[in-house]
$ cat work_33.cif   # mmCIF, C-alpha atoms
data_upload
#
loop_
_atom_site.label_atom_id
_atom_site.label_comp_id
_atom_site.auth_asym_id
_atom_site.auth_seq_id
_atom_site.Cartn_x
_atom_site.Cartn_y
_atom_site.Cartn_z
CA MET O 1 12.53 28.87 195.72
CA GLY O 2 15.19 31.59 195.99
CA ASN O 3 15.68 34.38 193.48
CA LYS O 4 18.81 32.70 192.10
CA GLU O 5 16.62 29.87 190.83
CA LEU O 6 13.98 32.05 189.19
CA TYR O 7 15.81 33.05 186.01
CA PRO O 8 16.06 29.61 184.33
CA VAL O 9 12.46 28.84 185.27
CA MET O 10 10.55 32.14 185.04
CA VAL O 11 12.57 34.28 182.62
CA GLU O 12 14.91 32.34 180.33
CA PRO O 13 12.17 30.32 178.55
CA TYR O 14 10.31 33.56 177.75
CA LEU O 15 12.98 35.82 176.26
CA ASP O 16 10.84 36.32 173.14
CA GLU O 17 8.10 37.71 175.37
CA VAL O 18 10.64 39.96 177.10
CA GLU O 19 11.69 41.36 173.73
CA GLU O 20 8.08 41.93 172.69
CA LEU O 21 7.20 43.74 175.92
CA SER O 22 10.28 45.92 175.49
CA ARG O 23 9.22 46.69 171.92
CA GLU O 24 5.74 47.67 173.12
CA GLY O 25 7.22 50.25 175.48
CA TYR O 26 7.09 48.51 178.84
CA ASN O 27 9.91 49.62 181.13
CA GLU O 28 12.06 47.09 182.93
CA LYS O 29 10.24 47.50 186.23
CA GLU O 30 6.99 46.58 184.50
CA ILE O 31 8.55 43.65 182.64
CA ALA O 32 10.04 42.29 185.86
CA TYR O 33 6.61 42.52 187.48
CA VAL O 34 5.06 40.54 184.62
CA PHE O 35 7.49 37.69 185.28
CA GLY O 36 7.15 37.87 189.05
CA VAL O 37 10.74 38.99 189.63
CA SER O 38 11.92 41.75 191.98
CA GLU O 39 13.65 44.81 190.52
CA ARG O 40 16.88 43.95 192.33
CA ALA O 41 16.88 40.40 190.99
CA TRP O 42 16.06 41.69 187.50
CA ARG O 43 19.07 44.02 187.52
CA THR O 44 21.25 41.12 188.64
CA TYR O 45 19.92 38.87 185.88
CA LYS O 46 20.51 41.54 183.26
CA LYS O 47 24.16 41.88 184.25
CA LYS O 48 24.68 38.14 184.59
CA TYR O 49 22.80 36.86 181.54
CA GLU O 50 23.69 38.50 178.23
CA ALA O 51 20.67 36.94 176.52
CA LEU O 52 18.29 38.89 178.75
CA SER O 53 20.07 42.18 178.18
CA ALA O 54 20.14 41.47 174.43
CA ALA O 55 16.38 40.76 174.36
CA ILE O 56 15.60 44.08 176.06
CA LYS O 57 17.86 46.02 173.68
CA ALA O 58 16.47 44.22 170.63
CA GLY O 59 12.93 45.20 171.60
CA ARG O 60 13.94 48.82 172.01
CA ARG O 61 15.69 48.87 168.64
CA LYS O 62 12.59 47.49 166.92
CA SER O 63 10.40 50.05 168.65
CA GLN O 64 12.68 52.90 167.66
CA LYS O 65 12.77 51.70 164.05
CA GLU O 66 8.97 51.46 163.87
CA ILE O 67 8.51 54.94 165.29
CA THR O 68 11.23 56.39 163.05
CA ASN O 69 9.56 54.88 159.99
CA ALA O 70 6.15 56.18 161.09
CA LEU O 71 7.61 59.64 161.69
CA TYR O 72 9.26 59.69 158.25
CA LYS O 73 5.99 58.59 156.65
CA LYS O 74 4.08 61.36 158.39
CA ALA O 75 6.75 63.95 157.52
CA THR O 76 6.77 63.14 153.80
CA GLY O 77 3.07 62.45 153.26
CA PHE O 78 1.48 59.17 152.27
CA LYS O 79 -1.49 57.45 150.67
CA GLU O 80 -3.55 54.91 152.53
CA GLN O 81 -6.62 52.82 151.89
CA VAL O 82 -9.41 53.98 154.19
CA GLU O 83 -13.08 53.13 154.53
CA GLU O 84 -15.56 55.95 153.99
CA LEU O 85 -19.30 56.24 153.55
CA VAL O 86 -20.13 57.13 149.95
CA ALA O 87 -23.54 58.52 149.05
CA VAL O 88 -25.50 56.60 146.40
CA LYS O 89 -28.05 58.67 144.47
CA ASP O 90 -31.03 57.76 142.34
CA ALA O 91 -31.96 59.11 138.91
CA GLN O 92 -33.41 62.25 140.50
CA ASN O 93 -30.11 62.92 142.29
CA ASN O 94 -31.57 62.03 145.66
CA ILE O 95 -29.44 60.18 148.17
CA VAL O 96 -30.97 56.78 148.69
CA ARG O 97 -28.30 55.15 150.84
CA HIS O 98 -24.70 55.24 151.93
CA ASP O 99 -22.28 52.45 151.06
CA LEU O 100 -19.07 51.76 152.90
CA LYS O 101 -16.24 51.70 150.37
CA LYS O 102 -12.48 51.61 150.45
CA ILE O 103 -10.84 54.62 148.84
CA SER O 104 -7.27 55.81 148.47
CA LYS O 105 -6.77 58.89 150.64
CA TYR O 106 -3.73 61.17 150.60
CA PHE O 107 -2.39 62.50 153.88
CA PRO O 108 -0.17 65.56 153.29
CA PRO O 109 3.14 66.11 155.11
CA ASP O 110 2.75 67.18 158.73
CA MET O 111 4.81 70.22 159.75
CA GLY O 112 5.29 69.00 163.31
CA ALA O 113 6.63 65.68 162.03
CA ILE O 114 8.92 67.45 159.55
CA ARG O 115 10.37 69.60 162.30
CA MET O 116 10.87 66.64 164.61
CA TRP O 117 12.53 64.60 161.84
CA LEU O 118 14.97 67.37 160.91
CA ASN O 119 15.84 68.06 164.54
CA TYR O 120 16.49 64.37 165.12
CA ARG O 121 18.32 63.49 161.91
CA HIS O 122 20.16 66.76 161.20
CA PRO O 123 20.62 68.54 164.53
CA ASP O 124 23.67 70.57 163.44
CA LYS O 125 21.77 72.16 160.58
CA TRP O 126 18.17 72.21 161.77
CA GLY O 127 18.30 71.81 165.55
CA GLU O 128 17.27 74.88 167.50
CA ARG O 129 20.01 74.30 170.02
CA VAL O 130 22.50 71.58 170.93
CA LEU O 131 22.79 70.48 174.54
CA ASP O 132 25.74 68.70 176.07
CA ARG O 133 24.83 65.02 176.22
CA GLN O 134 25.40 64.66 179.95
CA THR O 135 23.47 67.87 180.63
CA GLU O 136 20.58 66.55 178.56
CA ILE O 137 20.47 63.28 180.49
CA GLU O 138 20.56 65.11 183.82
CA LYS O 139 17.66 67.33 182.76
CA VAL O 140 15.63 64.26 181.82
CA ARG O 141 16.33 62.75 185.23
CA GLU O 142 15.20 65.88 187.02
CA VAL O 143 11.95 66.00 185.07
CA TYR O 144 11.28 62.34 185.84
CA LYS O 145 11.84 62.98 189.55
CA LYS O 146 9.22 65.73 189.40
CA ARG O 147 6.94 63.42 187.45
CA GLU O 148 7.09 60.81 190.19
CA SER O 149 6.51 63.30 193.00
CA GLN O 150 3.75 65.25 191.24
CA LYS O 151 2.10 62.27 189.51
CA TRP O 152 2.35 63.74 186.00
CA ASN O 153 0.91 61.88 183.04
CA ALA O 154 2.87 61.41 179.81
CA LEU O 155 1.67 64.66 178.22
CA GLU O 156 2.58 66.76 181.26
CA THR O 157 5.99 65.11 181.38
CA ALA O 158 6.60 65.76 177.68
CA ARG O 159 5.71 69.43 178.12
CA ALA O 160 8.16 69.72 181.01
CA LEU O 161 10.89 68.19 178.86
CA GLU O 162 10.11 70.64 176.06
CA ILE O 163 10.46 73.55 178.45
CA GLU O 164 13.90 72.22 179.40
CA GLY O 165 14.77 71.93 175.71
CA VAL O 166 15.61 68.24 175.74
CA ALA O 167 14.48 65.22 173.75
CA ILE O 168 11.51 63.08 174.67
CA PRO O 169 12.70 59.58 175.66
CA GLU O 170 11.55 56.69 173.52
CA SER O 171 9.50 55.12 176.30
CA LEU O 172 7.63 58.39 176.85
CA ARG O 173 6.82 58.66 173.15
CA LEU O 174 5.16 55.26 173.41
CA GLU O 175 3.20 56.40 176.46
CA LEU O 176 2.06 59.46 174.54
CA ALA O 177 0.98 57.29 171.63
CA LYS O 178 -1.10 55.17 174.00
CA GLU O 179 -2.66 58.22 175.65
CA THR O 180 -3.60 59.97 172.44
CA LYS O 181 -4.24 56.85 170.35
CA GLU O 182 -1.75 58.08 167.77
CA THR O 183 1.53 56.59 166.59
CA ILE O 184 3.41 59.88 166.56
CA THR O 185 2.68 62.87 168.76
CA THR O 186 2.51 66.33 167.22
CA LEU O 187 4.05 68.11 170.17
CA GLU O 188 6.55 70.77 169.17
CA SER O 189 9.95 69.85 170.52
CA ASN O 190 13.27 71.57 170.99
CA SER O 191 14.90 68.16 171.09
CA ILE O 192 18.01 67.27 169.14
CA ARG O 193 18.09 63.54 169.54
CA ILE O 194 16.20 60.80 171.35
CA VAL O 195 17.50 59.92 174.81
CA LEU O 196 17.02 56.18 175.07
CA PRO O 197 16.14 54.65 178.45
CA SER O 198 19.21 52.41 178.14
CA GLU O 199 21.45 55.47 178.12
CA LEU O 200 19.93 56.70 181.36
CA GLU O 201 20.50 53.29 182.93
CA GLU O 202 24.08 53.00 181.67
CA THR O 203 24.90 56.45 183.05
CA SER O 204 23.36 55.65 186.44
CA GLU O 205 25.25 52.35 186.63
CA GLY O 206 28.51 54.09 185.70
#
$ encode --input "work_33.cif" --output "C-alpha cells"
Amino acid sequence: MGNKELYPVMVEPYLDEVEELSREGYNEKEIAYVFGVSERAWRTYKKKYEALSAAIKAGRRKSQKEITNALYKKATGFKEQVEELVAVKDAQNNIVRHDLKKISKYFPPDMGAIRMWLNYRHPDKWGERVLDRQTEIEKVREVYKKRESQKWNALETARALEIEGVAIPESLRLELAKETKETITTLESNSIRIVLPSELEETSEG
C-alpha cells in the first residue's frame, strides 16, 4: 500500500486521537510515528487535508489554554482539597493514631508564576526586554540545533533559551512538566511571549 493510500485508512478515522496527542504535547514527528506514517508523508497530508491541520492546531490551543489557566491559578493563589494525616489523641493528649482526612489547604501566589504571567500578558509594561519576533524565532531554532547535537534534556534546553532571552516554546513547557512532575515550571524567564511550534513551522515553510 503506497503512502497516498495511508491517510484515509490510518489517519483520517483517528483525528480525535491526533488532537489529543497534540494536546498532550507530542510533536508532529512523534504523532506521525504513532500512526505509522513517514514525516514526509505527514507534511503532505497536513497541507492536503485541512481536517488534519485543524486537529493539530486544536490540540495545541487546548494545551495552551490549560497551561495558561494553571499559570494564572498559581500566580493568584488558590485553595485545594488535599489529603493529610491528622493526629488523633486520647484523653491524656497522647497520639494514638493518625487518620487520613481531606482538608482545605491554601497555596499562596508564586512569585515565579506572577513574573511569567506579567511577562506573557503585559510585555510592554512588565517585560524585561522585547525581541523582534523573527529574531526570537531564529534564536529558538539555534538553541534547538544545539539541543539535537548535544543531546540536551528539556531543562538544559530551557536554560539555554533563558540565556538567549527568548520565550520557552509550548511543547518544551510540556516536556518540563513531564520531567519535573509539575504543571508549571518555576524557571525564571526573560521571555515576552510564547513561541508556538506552529509559528516555527510556518516560518520554515515560508
$ resolve_selection --input "work_33.cif" --expression "the PyMOL selection byres ((chain O and resi 104) around 10)" --output "list in words"
Lys79, Glu80, Gln81, Val82, Glu83, Glu84, Lys102, Ile103, Lys105, Tyr106 and Phe107 of chain O
$ closest_residue --input "work_33.cif" --among "O:Glu19, O:Ala32, O:Lys151, O:Phe78" --to "Ala54 of chain O" --atoms "all atoms listed in the file"
O:Glu19
$ atom_distance --input "work_33.cif" --atom1 "atom CA of Glu30 of chain O" --atom2 "atom CA of Trp42 of chain O"
10.7 Å
$ atom_distance --input "work_33.cif" --atom1 "atom CA of Val37 of chain O" --atom2 "atom CA of Met10 of chain O"
8.2 Å
$ atom_distance --input "work_33.cif" --atom1 "atom CA of Ala158 of chain O" --atom2 "atom CA of Leu172 of chain O"
7.5 Å
$ closest_residue --input "work_33.cif" --among "O:Ala91, O:Glu28, O:Ile137, O:Ala55" --to "Tyr14 of chain O" --atoms "only C-alpha atoms"
O:Ala55
$ axis_aligned_box --input "work_33.cif" --around "segment 43-49 of chain O" --padding-each-side "8 Å" --output "AutoDock Vina command-line options"
--center_x 21.9 --center_y 40.4 --center_z 185.1 --size_x 21.6 --size_y 23.2 --size_z 23.1
$ closest_residue --input "work_33.cif" --among "O:Asp90, O:Pro108, O:Ser53, O:Ala113" --to "Ala70 of chain O" --atoms "all atoms listed in the file"
O:Ala113
$ resolve_selection --input "work_33.cif" --expression "the PyMOL selection byres ((chain O and resi 12) around 12)" --output "list in words"
Glu5, Leu6, Tyr7, Pro8, Val9, Met10, Val11, Pro13, Tyr14, Leu15, Asp16, Glu17, Val18, Glu19, Phe35, Trp42, Tyr45, Lys46, Tyr49, Glu50, Ala51, Leu52, Ser53 and Ala55 of chain O
$ residues_around --input "work_33.cif" --residues "Arg147 of chain O" --least-positions-apart "2" --cutoff "12 Å" --atoms "only C-alpha atoms" --output "list in words"
Val140, Arg141, Glu142, Val143, Tyr144, Lys145, Ser149, Gln150, Lys151, Trp152, Asn153, Ala154, Leu155, Glu156, Thr157, Ala158, Arg159, Ala160, Leu161 and Leu172 of chain O
$ resolve_selection --input "work_33.cif" --expression "the PyMOL selection byres ((chain O and resi 61) around 12)" --output "list in words"
Glu19, Glu20, Ser22, Arg23, Glu24, Gly25, Ala54, Ala55, Ile56, Lys57, Ala58, Gly59, Arg60, Lys62, Ser63, Gln64, Lys65, Glu66, Ile67, Thr68, Glu170, Ser171, Leu196, Pro197 and Ser198 of chain O
$ residues_near_point --input "work_33.cif" --point "(3.4, 66.5, 157.9)" --cutoff "10 Å" --atoms "all atoms listed in the file" --output "list in words"
Leu71, Tyr72, Lys73, Lys74, Ala75, Thr76, Gly77, Phe78, Phe107, Pro108, Pro109, Asp110, Met111, Gly112, Ala113, Ile114, Arg115 and Thr186 of chain O
$ decode --input "work_33.cif" --residues "segment 146-159 of chain O" --atoms "all heavy atoms" --output "short mmCIF file (atom, residue, chain, number, x, y, z; two decimals), in the first residue's frame"
data_model
loop_
_atom_site.label_atom_id
_atom_site.label_comp_id
_atom_site.auth_asym_id
_atom_site.auth_seq_id
_atom_site.Cartn_x
_atom_site.Cartn_y
_atom_site.Cartn_z
N LYS O 146 21.43 23.10 18.79
CA LYS O 146 22.41 22.70 19.80
C LYS O 146 21.86 21.57 20.65
O LYS O 146 22.58 20.66 21.05
CB LYS O 146 22.77 23.90 20.68
CG LYS O 146 23.55 24.98 19.97
CD LYS O 146 23.88 26.12 20.91
CE LYS O 146 24.65 27.22 20.20
NZ LYS O 146 24.95 28.36 21.11
N ARG O 147 20.55 21.63 20.93
CA ARG O 147 19.94 20.58 21.73
C ARG O 147 20.09 19.22 21.04
O ARG O 147 20.42 18.22 21.68
CB ARG O 147 18.46 20.88 21.96
CG ARG O 147 17.77 19.78 22.77
CD ARG O 147 16.28 19.96 22.84
NE ARG O 147 15.74 19.03 23.82
CZ ARG O 147 14.45 18.89 24.09
NH1 ARG O 147 13.56 19.62 23.47
NH2 ARG O 147 14.04 18.03 25.00
N GLU O 148 19.84 19.21 19.75
CA GLU O 148 19.92 17.96 19.00
C GLU O 148 21.35 17.43 18.96
O GLU O 148 21.58 16.23 19.14
CB GLU O 148 19.40 18.17 17.58
CG GLU O 148 19.36 16.90 16.75
CD GLU O 148 18.74 17.11 15.39
OE1 GLU O 148 18.23 18.23 15.13
OE2 GLU O 148 18.77 16.17 14.58
N SER O 149 22.31 18.33 18.75
CA SER O 149 23.70 17.89 18.62
C SER O 149 24.31 17.50 19.97
O SER O 149 25.15 16.61 20.06
CB SER O 149 24.55 18.98 17.97
OG SER O 149 24.59 20.15 18.78
N GLN O 150 23.88 18.18 21.04
CA GLN O 150 24.47 17.94 22.36
C GLN O 150 23.58 17.09 23.27
O GLN O 150 23.90 16.88 24.43
CB GLN O 150 24.79 19.28 23.04
CG GLN O 150 25.78 20.11 22.24
CD GLN O 150 26.16 21.41 22.94
OE1 GLN O 150 26.19 21.47 24.17
NE2 GLN O 150 26.44 22.44 22.17
N LYS O 151 22.44 16.64 22.74
CA LYS O 151 21.54 15.74 23.47
C LYS O 151 21.07 16.35 24.79
O LYS O 151 21.07 15.70 25.83
CB LYS O 151 22.23 14.39 23.74
CG LYS O 151 22.84 13.73 22.51
CD LYS O 151 21.80 13.42 21.46
CE LYS O 151 22.43 12.71 20.26
NZ LYS O 151 21.46 12.49 19.16
N TRP O 152 20.65 17.61 24.75
CA TRP O 152 20.15 18.27 25.96
C TRP O 152 18.78 17.72 26.34
O TRP O 152 17.98 17.35 25.47
CB TRP O 152 20.01 19.77 25.74
CG TRP O 152 21.31 20.50 25.68
CD1 TRP O 152 22.53 20.08 26.09
CD2 TRP O 152 21.52 21.82 25.14
NE1 TRP O 152 23.48 21.03 25.87
CE2 TRP O 152 22.89 22.12 25.29
CE3 TRP O 152 20.68 22.78 24.58
CZ2 TRP O 152 23.44 23.33 24.88
CZ3 TRP O 152 21.22 23.99 24.17
CH2 TRP O 152 22.59 24.26 24.32
N ASN O 153 18.50 17.71 27.64
CA ASN O 153 17.14 17.41 28.08
C ASN O 153 16.33 18.70 28.08
O ASN O 153 16.84 19.77 27.71
CB ASN O 153 17.14 16.73 29.46
CG ASN O 153 17.77 17.61 30.53
OD1 ASN O 153 17.84 18.84 30.40
ND2 ASN O 153 18.22 17.00 31.61
N ALA O 154 15.09 18.62 28.53
CA ALA O 154 14.21 19.80 28.48
C ALA O 154 14.72 20.93 29.37
O ALA O 154 14.68 22.10 28.99
CB ALA O 154 12.79 19.40 28.89
N LEU O 155 15.21 20.59 30.56
CA LEU O 155 15.68 21.62 31.49
C LEU O 155 16.90 22.35 30.94
O LEU O 155 16.99 23.58 31.00
CB LEU O 155 16.01 20.99 32.84
CG LEU O 155 16.49 21.95 33.94
CD1 LEU O 155 15.45 23.03 34.20
CD2 LEU O 155 16.80 21.18 35.22
N GLU O 156 17.83 21.61 30.37
CA GLU O 156 19.03 22.23 29.79
C GLU O 156 18.66 23.13 28.61
O GLU O 156 19.23 24.21 28.43
CB GLU O 156 20.01 21.14 29.34
CG GLU O 156 20.65 20.38 30.49
CD GLU O 156 21.38 19.13 30.04
OE1 GLU O 156 20.94 18.51 29.05
OE2 GLU O 156 22.39 18.78 30.67
N THR O 157 17.67 22.69 27.84
CA THR O 157 17.22 23.49 26.70
C THR O 157 16.55 24.78 27.17
O THR O 157 16.78 25.86 26.62
CB THR O 157 16.23 22.69 25.84
OG1 THR O 157 16.83 21.44 25.47
CG2 THR O 157 15.86 23.45 24.58
N ALA O 158 15.73 24.67 28.21
CA ALA O 158 15.05 25.85 28.75
C ALA O 158 16.05 26.87 29.29
O ALA O 158 15.90 28.08 29.10
CB ALA O 158 14.08 25.43 29.85
N ARG O 159 17.09 26.39 29.94
CA ARG O 159 18.12 27.29 30.47
C ARG O 159 18.84 28.02 29.34
O ARG O 159 19.14 29.21 29.44
CB ARG O 159 19.12 26.50 31.32
CG ARG O 159 18.57 26.10 32.69
CD ARG O 159 19.52 25.19 33.43
NE ARG O 159 19.04 24.90 34.78
CZ ARG O 159 19.53 23.95 35.55
NH1 ARG O 159 20.52 23.17 35.09
NH2 ARG O 159 19.05 23.74 36.76
#
